[in-house]
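Data file: entry_25.cif. Format and content: mmCIF, C-alpha atoms.
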data_structure
#
loop_
_atom_site.group_PDB
_atom_site.id
_atom_site.type_symbol
_atom_site.label_atom_id
_atom_site.label_comp_id
_atom_site.auth_asym_id
_atom_site.auth_seq_id
_atom_site.Cartn_x
_atom_site.Cartn_y
_atom_site.Cartn_z
ATOM 1 C CA MET A 919 112.543 80.561 67.084
ATOM 2 C CA LYS A 920 113.534 84.225 66.926
ATOM 3 C CA ASP A 921 111.068 85.486 69.482
ATOM 4 C CA ASN A 922 112.824 83.630 72.322
ATOM 5 C CA PHE A 923 116.410 83.511 70.971
ATOM 6 C CA ALA A 924 118.930 83.973 73.794
ATOM 7 C CA GLN A 925 116.213 84.682 76.353
ATOM 8 C CA ARG A 926 117.193 83.462 79.806
ATOM 9 C CA ILE A 927 115.027 81.588 82.273
ATOM 10 C CA LEU A 928 115.964 81.416 85.955
ATOM 11 C CA ILE A 929 114.461 78.425 87.779
ATOM 12 C CA ILE A 930 114.439 78.877 91.574
ATOM 13 C CA GLU A 931 113.358 75.433 92.784
ATOM 14 C CA ASP A 932 114.786 73.240 95.556
ATOM 15 C CA ASP A 933 113.433 69.997 94.071
ATOM 16 C CA LEU A 934 116.316 69.070 91.772
ATOM 17 C CA LYS A 935 114.250 66.660 89.680
ATOM 18 C CA ILE A 936 111.578 69.262 88.957
ATOM 19 C CA ALA A 937 114.223 71.896 88.191
ATOM 20 C CA ALA A 938 116.002 69.520 85.798
ATOM 21 C CA LEU A 939 112.734 68.560 84.083
ATOM 22 C CA LEU A 940 111.812 72.199 83.535
ATOM 23 C CA GLN A 941 115.295 72.984 82.293
ATOM 24 C CA ASP A 942 115.125 70.164 79.723
ATOM 25 C CA TYR A 943 111.851 71.490 78.290
ATOM 26 C CA PHE A 944 112.996 75.110 78.165
ATOM 27 C CA VAL A 945 116.335 74.223 76.587
ATOM 28 C CA ALA A 946 114.487 72.133 73.987
ATOM 29 C CA SER A 947 112.455 75.255 73.178
ATOM 30 C CA GLY A 948 115.592 77.325 72.586
ATOM 31 C CA PHE A 949 115.972 79.103 75.913
ATOM 32 C CA LEU A 950 119.032 79.537 78.076
ATOM 33 C CA VAL A 951 118.428 78.245 81.605
ATOM 34 C CA GLU A 952 119.998 78.744 85.021
ATOM 35 C CA GLN A 953 119.030 76.940 88.226
ATOM 36 C CA GLN A 954 119.181 78.111 91.833
ATOM 37 C CA HIS A 955 117.978 75.962 94.689
ATOM 38 C CA ASP A 956 117.315 78.331 97.584
ATOM 39 C CA GLY A 957 115.646 81.702 97.900
ATOM 40 C CA GLN A 958 118.608 83.882 98.800
ATOM 41 C CA ALA A 959 120.801 82.476 96.023
ATOM 42 C CA GLY A 960 117.969 82.965 93.548
ATOM 43 C CA LEU A 961 117.453 86.591 94.595
ATOM 44 C CA MET A 962 121.187 87.290 94.336
ATOM 45 C CA SER A 963 121.233 85.775 90.849
ATOM 46 C CA VAL A 964 118.391 88.076 89.720
ATOM 47 C CA LYS A 965 120.275 91.113 91.033
ATOM 48 C CA GLN A 966 123.649 90.167 89.560
ATOM 49 C CA ASN A 967 122.559 88.757 86.211
ATOM 50 C CA PRO A 968 118.885 89.569 85.550
ATOM 51 C CA PRO A 969 117.050 86.856 83.558
ATOM 52 C CA ASP A 970 114.151 87.452 81.189
ATOM 53 C CA LEU A 971 111.748 85.404 83.325
ATOM 54 C CA VAL A 972 111.787 83.678 86.728
ATOM 55 C CA LEU A 973 110.089 80.392 87.647
ATOM 56 C CA LEU A 974 109.822 80.682 91.415
ATOM 57 C CA ASP A 975 108.878 77.894 93.822
ATOM 58 C CA LEU A 976 106.764 78.948 96.790
ATOM 59 C CA MET A 977 108.475 76.764 99.409
ATOM 60 C CA LEU A 978 112.235 77.353 99.403
ATOM 61 C CA PRO A 979 115.051 77.093 101.945
ATOM 62 C CA THR A 980 116.658 80.298 103.374
ATOM 63 C CA MET A 981 113.947 82.564 101.915
ATOM 64 C CA ASP A 982 110.445 81.599 100.773
ATOM 65 C CA GLY A 983 109.101 82.366 97.309
ATOM 66 C CA ILE A 984 106.720 85.095 98.491
ATOM 67 C CA SER A 985 109.600 87.021 100.090
ATOM 68 C CA VAL A 986 111.790 86.528 97.018
ATOM 69 C CA CYS A 987 108.996 87.835 94.785
ATOM 70 C CA GLN A 988 108.490 90.888 97.006
ATOM 71 C CA GLU A 989 112.203 91.698 96.941
ATOM 72 C CA ILE A 990 112.433 91.323 93.153
ATOM 73 C CA ARG A 991 109.493 93.691 92.721
ATOM 74 C CA ARG A 992 111.416 96.369 94.630
ATOM 75 C CA PHE A 993 113.785 96.768 91.673
ATOM 76 C CA SER A 994 112.438 94.868 88.641
ATOM 77 C CA GLN A 995 109.237 94.182 86.696
ATOM 78 C CA LEU A 996 110.526 91.024 84.960
ATOM 79 C CA PRO A 997 107.898 88.271 84.560
ATOM 80 C CA ILE A 998 107.569 85.885 87.531
ATOM 81 C CA ILE A 999 105.653 82.604 87.425
ATOM 82 C CA MET A 1000 105.206 81.023 90.844
ATOM 83 C CA ILE A 1001 105.238 77.251 91.295
ATOM 84 C CA THR A 1002 103.397 75.795 94.255
ATOM 85 C CA ALA A 1003 102.202 72.496 95.676
ATOM 86 C CA ARG A 1004 99.917 74.424 98.061
ATOM 87 C CA VAL A 1005 96.719 74.865 96.129
ATOM 88 C CA GLU A 1006 94.725 76.768 98.749
ATOM 89 C CA GLU A 1007 93.127 79.876 97.276
ATOM 90 C CA VAL A 1008 94.841 82.157 99.787
ATOM 91 C CA ASP A 1009 98.252 81.045 98.542
ATOM 92 C CA ARG A 1010 97.263 81.660 94.946
ATOM 93 C CA LEU A 1011 95.969 85.140 95.684
ATOM 94 C CA LEU A 1012 98.896 86.021 97.923
ATOM 95 C CA GLY A 1013 101.356 85.029 95.223
ATOM 96 C CA LEU A 1014 99.692 87.321 92.712
ATOM 97 C CA GLU A 1015 99.210 90.189 95.172
ATOM 98 C CA VAL A 1016 102.939 90.435 95.857
ATOM 99 C CA GLY A 1017 103.664 90.919 92.180
ATOM 100 C CA ALA A 1018 103.732 87.482 90.519
ATOM 101 C CA ASP A 1019 102.430 87.434 86.950
ATOM 102 C CA ASP A 1020 101.095 83.875 87.048
ATOM 103 C CA TYR A 1021 101.202 80.615 88.989
ATOM 104 C CA VAL A 1022 101.190 76.879 88.258
ATOM 105 C CA CYS A 1023 100.312 74.122 90.683
ATOM 106 C CA LYS A 1024 102.222 70.871 91.114
ATOM 107 C CA PRO A 1025 101.893 68.449 89.459
ATOM 108 C CA PHE A 1026 101.991 70.397 86.210
ATOM 109 C CA SER A 1027 102.654 69.854 82.532
ATOM 110 C CA PRO A 1028 106.134 71.171 81.609
ATOM 111 C CA ARG A 1029 104.796 71.992 78.139
ATOM 112 C CA GLU A 1030 102.120 74.192 79.706
ATOM 113 C CA VAL A 1031 104.735 75.997 81.808
ATOM 114 C CA VAL A 1032 106.820 76.691 78.700
ATOM 115 C CA ALA A 1033 103.720 77.916 76.846
ATOM 116 C CA ARG A 1034 102.774 80.267 79.683
ATOM 117 C CA ALA A 1035 106.330 81.562 79.904
ATOM 118 C CA LYS A 1036 106.333 82.398 76.185
ATOM 119 C CA ILE A 1037 103.094 84.346 76.571
ATOM 120 C CA HIS A 1038 104.485 86.422 79.447
ATOM 121 C CA LEU A 1039 107.773 87.025 77.646
ATOM 122 C CA ARG A 1040 105.945 88.317 74.573
ATOM 123 C CA ARG A 1041 103.820 90.625 76.691
ATOM 124 C CA HIS A 1042 106.846 91.886 78.613
ATOM 125 C CA SER A 1043 109.153 92.456 75.651
ATOM 126 C CA ALA A 1044 106.694 94.196 73.358
ATOM 127 C CA PRO A 1045 106.682 97.996 73.536
ATOM 128 C CA THR A 1046 103.708 98.944 75.711
ATOM 129 C CA GLN A 1047 101.839 102.227 75.717
ATOM 130 C CA SER A 1048 101.781 103.136 79.394
ATOM 131 C CA THR A 1049 100.276 106.620 79.382
ATOM 132 C CA PRO A 1050 99.312 109.090 76.645
ATOM 133 C CA GLY A 1051 102.364 110.121 74.638
ATOM 134 C CA PHE A 1052 104.782 107.843 76.510
ATOM 135 C CA SER A 1053 105.623 104.215 75.718
ATOM 136 C CA ILE A 1054 108.077 101.806 77.319
ATOM 137 C CA ASP A 1055 110.212 99.514 75.188
ATOM 138 C CA THR A 1056 111.253 96.925 77.761
ATOM 139 C CA GLU A 1057 113.313 94.854 75.360
ATOM 140 C CA GLY A 1058 115.273 97.868 74.135
ATOM 141 C CA GLN A 1059 115.350 99.498 77.589
ATOM 142 C CA ARG A 1060 113.999 102.734 76.114
ATOM 143 C CA ILE A 1061 111.232 105.205 76.865
ATOM 144 C CA LEU A 1062 109.699 106.973 73.889
ATOM 145 C CA TYR A 1063 107.678 110.145 73.787
ATOM 146 C CA GLU A 1064 105.429 110.236 70.699
ATOM 147 C CA GLY A 1065 107.687 107.666 69.026
ATOM 148 C CA SER A 1066 111.015 109.347 69.777
ATOM 149 C CA ALA A 1067 113.370 107.809 72.364
ATOM 150 C CA LEU A 1068 114.460 109.946 75.302
ATOM 151 C CA PRO A 1069 118.277 109.947 75.818
ATOM 152 C CA LEU A 1070 118.180 108.247 79.220
ATOM 153 C CA THR A 1071 120.937 106.478 81.129
ATOM 154 C CA PRO A 1072 120.120 102.935 82.392
ATOM 155 C CA VAL A 1073 119.334 104.245 85.887
ATOM 156 C CA GLU A 1074 117.191 107.071 84.508
ATOM 157 C CA TYR A 1075 115.346 104.545 82.348
ATOM 158 C CA ARG A 1076 114.502 102.349 85.346
ATOM 159 C CA LEU A 1077 113.329 105.271 87.446
ATOM 160 C CA LEU A 1078 111.142 106.860 84.771
ATOM 161 C CA ALA A 1079 109.745 103.528 83.535
ATOM 162 C CA GLU A 1080 108.509 102.657 87.013
ATOM 163 C CA MET A 1081 106.875 106.063 87.409
ATOM 164 C CA VAL A 1082 105.305 106.066 83.932
ATOM 165 C CA ARG A 1083 103.796 102.637 84.643
ATOM 166 C CA HIS A 1084 102.076 104.091 87.723
ATOM 167 C CA PRO A 1085 100.953 107.659 86.922
ATOM 168 C CA ASN A 1086 99.829 109.773 89.897
ATOM 169 C CA ARG A 1087 101.412 107.382 92.403
ATOM 170 C CA VAL A 1088 103.759 109.038 94.894
ATOM 171 C CA PHE A 1089 107.135 107.286 94.998
ATOM 172 C CA SER A 1090 109.236 107.681 98.104
ATOM 173 C CA ARG A 1091 112.931 108.385 97.703
ATOM 174 C CA GLN A 1092 113.643 105.027 99.334
ATOM 175 C CA HIS A 1093 111.582 103.196 96.712
ATOM 176 C CA LEU A 1094 113.414 105.058 93.948
ATOM 177 C CA LEU A 1095 116.735 104.232 95.611
ATOM 178 C CA ASP A 1096 115.799 100.546 95.486
ATOM 179 C CA ILE A 1097 115.048 100.823 91.760
ATOM 180 C CA ALA A 1098 118.339 102.611 91.057
ATOM 181 C CA HIS A 1099 120.360 100.247 93.258
ATOM 182 C CA GLU A 1100 120.985 97.684 90.514
ATOM 183 C CA ASP A 1101 123.752 99.793 88.967
ATOM 184 C CA GLN A 1102 124.782 102.048 91.839
ATOM 185 C CA ARG A 1103 125.847 100.807 95.250
ATOM 186 C CA ASP A 1104 126.751 104.053 97.034
ATOM 187 C CA ILE A 1105 123.760 106.278 96.466
ATOM 188 C CA ASN A 1106 121.624 108.548 98.620
ATOM 189 C CA ASP A 1107 118.660 110.909 98.448
ATOM 190 C CA ARG A 1108 120.766 113.590 96.768
ATOM 191 C CA THR A 1109 121.669 111.162 93.989
ATOM 192 C CA ILE A 1110 117.966 110.458 93.346
ATOM 193 C CA ASP A 1111 117.260 114.207 93.243
ATOM 194 C CA SER A 1112 120.050 114.590 90.677
ATOM 195 C CA HIS A 1113 118.635 111.775 88.515
ATOM 196 C CA ILE A 1114 115.146 113.302 88.633
ATOM 197 C CA LYS A 1115 116.572 116.703 87.675
ATOM 198 C CA ASN A 1116 118.297 115.161 84.648
ATOM 199 C CA ILE A 1117 115.175 113.232 83.633
ATOM 200 C CA ARG A 1118 113.127 116.437 83.833
ATOM 201 C CA LYS A 1119 115.547 118.221 81.512
ATOM 202 C CA LYS A 1120 115.393 115.392 78.987
ATOM 203 C CA ILE A 1121 111.590 115.312 79.043
ATOM 204 C CA GLN A 1122 111.408 119.101 78.739
ATOM 205 C CA SER A 1123 113.644 118.989 75.665
ATOM 206 C CA ARG A 1124 110.801 117.106 73.926
ATOM 207 C CA LEU A 1125 107.843 118.406 75.928
ATOM 208 C CA PRO A 1126 108.515 121.973 77.148
ATOM 209 C CA THR A 1127 105.210 122.242 79.027
ATOM 210 C CA PRO A 1128 103.610 121.128 81.226
ATOM 211 C CA GLU A 1129 105.781 119.583 83.938
ATOM 212 C CA CYS A 1130 105.419 115.773 84.204
ATOM 213 C CA LEU A 1131 107.538 114.991 87.282
ATOM 214 C CA HIS A 1132 106.318 116.656 90.460
ATOM 215 C CA SER A 1133 108.068 116.898 93.814
ATOM 216 C CA VAL A 1134 105.970 115.815 96.788
ATOM 217 C CA TYR A 1135 107.309 117.682 99.807
ATOM 218 C CA GLY A 1136 108.873 115.425 102.409
ATOM 219 C CA VAL A 1137 108.075 112.242 100.480
ATOM 220 C CA GLY A 1138 109.438 111.933 96.946
ATOM 221 C CA TYR A 1139 108.098 112.315 93.418
ATOM 222 C CA ARG A 1140 104.993 111.725 91.308
ATOM 223 C CA PHE A 1141 104.562 111.377 87.537
ATOM 224 C CA GLU A 1142 101.541 112.971 85.839
ATOM 225 C CA HIS A 1143 101.028 112.471 82.121
ATOM 226 C CA PRO A 1144 100.625 115.674 80.103
ATOM 227 C CA GLU A 1145 97.074 114.870 78.998
ATOM 228 C CA MET A 1146 95.865 115.757 82.488
ATOM 229 C CA HIS A 1147 96.776 119.376 81.929
ATOM 230 C CA ARG A 1148 95.356 119.868 78.445
#
As structure tokens, please, write out the structure in this file.
Amino acid sequence: MKDNFAQRILIIEDDLKIAALLQDYFVASGFLVEQQHDGQAGLMSVKQNPPDLVLLDLMLPTMDGISVCQEIRRFSQLPIIMITARVEEVDRLLGLEVGADDYVCKPFSPREVVARAKIHLRRHSAPTQSTPGFSIDTEGQRILYEGSALPLTPVEYRLLAEMVRHPNRVFSRQHLLDIAHEDQRDINDRTIDSHIKNIRKKIQSRLPTPECLHSVYGVGYRFEHPEMHR
């Protein structure tokens, strides 16, 4: 099937039988699959070779699933489906509050997990209109203004995409550093300021007025969509 060709699934699960069962079903559906069996190794795998979707067990050695999910959300919005044997409502809510897209409870149907994964992958890869005039093409790693792609570098794309997804939210420089960290190891506040300056210039080349990226003194930056000023 073309809609999931070459898409990669990362299974972070310490129960080897469950991990193998899930892998068999995903491979049969045309996906590429990697397994990791503890939290820290799974997190490192996401950072070094980002998958298209993560299946994340709640109870893991070295680092639990909630902590792994929180860390992933510091630098990526890839779909995360949590797997848990703890069916208490608080666990379900906590998993979603830290940024998970969905959860399944053990025992589960592997076919259902594959079906849910396909739904989340389609939602994530389709271009999504995030705010008036701007749209994010996650699959193509592009941001478009009124249908025309901005000439962004990969780091600039990640920074602007996160801000466009959350208009009016103030992002600290540290948060933006975490987003940019995937490609750049030795970076500081000045580097973030330089990236924001470049992004501003590229937006202004398509949208001369008004300003979309605002400095928040002593904190960081905020994105406001242009419709607010019309």
Produce a table with one row for each residue of segment 934-1032 of chain A that has an atom at most 12 Å from any atom of segment 1049-1065 of chain A, each row naming the nearest atom pair and its distance in Å at one decimal; use only C-alpha atoms; arrange rows by chain and rising residue number; format as a tab-separated table.
residue	atom	partner	partner_atom	distance
A:Asp970	CA	A:Glu1057	CA	9.5
A:Ser994	CA	A:Thr1056	CA	11.1
A:Gln995	CA	A:Thr1056	CA	9.6
A:Leu996	CA	A:Thr1056	CA	9.3
A:Pro997	CA	A:Thr1056	CA	11.5
I'd like the neighbourhood of Arg1004 of chain A as a PDB file with C-alpha atoms, keeping the file's coordinate frame, where a residue qualifies if any of its atoms comes within 9 Å (using all atoms listed in the file), though same-chain residues fewer than 6 positions away should be ignored.
ATOM      1  CA  LEU A 976     106.764  78.948  96.790  1.00  0.00           C
ATOM      2  CA  MET A 977     108.475  76.764  99.409  1.00  0.00           C
ATOM      3  CA  ARG A1010      97.263  81.660  94.946  1.00  0.00           C
ATOM      4  CA  CYS A1023     100.312  74.122  90.683  1.00  0.00           C
ATOM      5  CA  LYS A1024     102.222  70.871  91.114  1.00  0.00           C
TER       6      LYS A1024
END
*Using all atoms listed in the file, which residue out of A:Asp982, A:Glu1142, A:Asp1096, A:Glu1080 lies closest to Asp932 of chain A?*
A:Asp982
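Near (119.9, 75.5, 84.1), the residues inside the 10 Å limit, counting all atoms listed in the file, come to Arg926, Ile927, Leu928, Ile929, Ile930, Ala937, Ala938, Leu939, Leu940, Gln941, Asp942, Phe944, Val945, Phe949, Leu950, Val951, Glu952, Gln953 and Gln954 of chain A.
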*Any idea what the distance is between atom CA of Arg1087 of chain A and atom CA of Asp1020 of chain A?*
24.1 Å
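The gap separating atom CA of Leu973 of chain A from atom CA of His1038 of chain A is 11.6 Å, in Å to one decimal.
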*Counting only C-alpha atoms, figure out which residue out of A:Leu934, A:Leu1039, A:Ala1067, A:Ala946 gets nearest to Pro969 of chain A.*
A:Leu1039
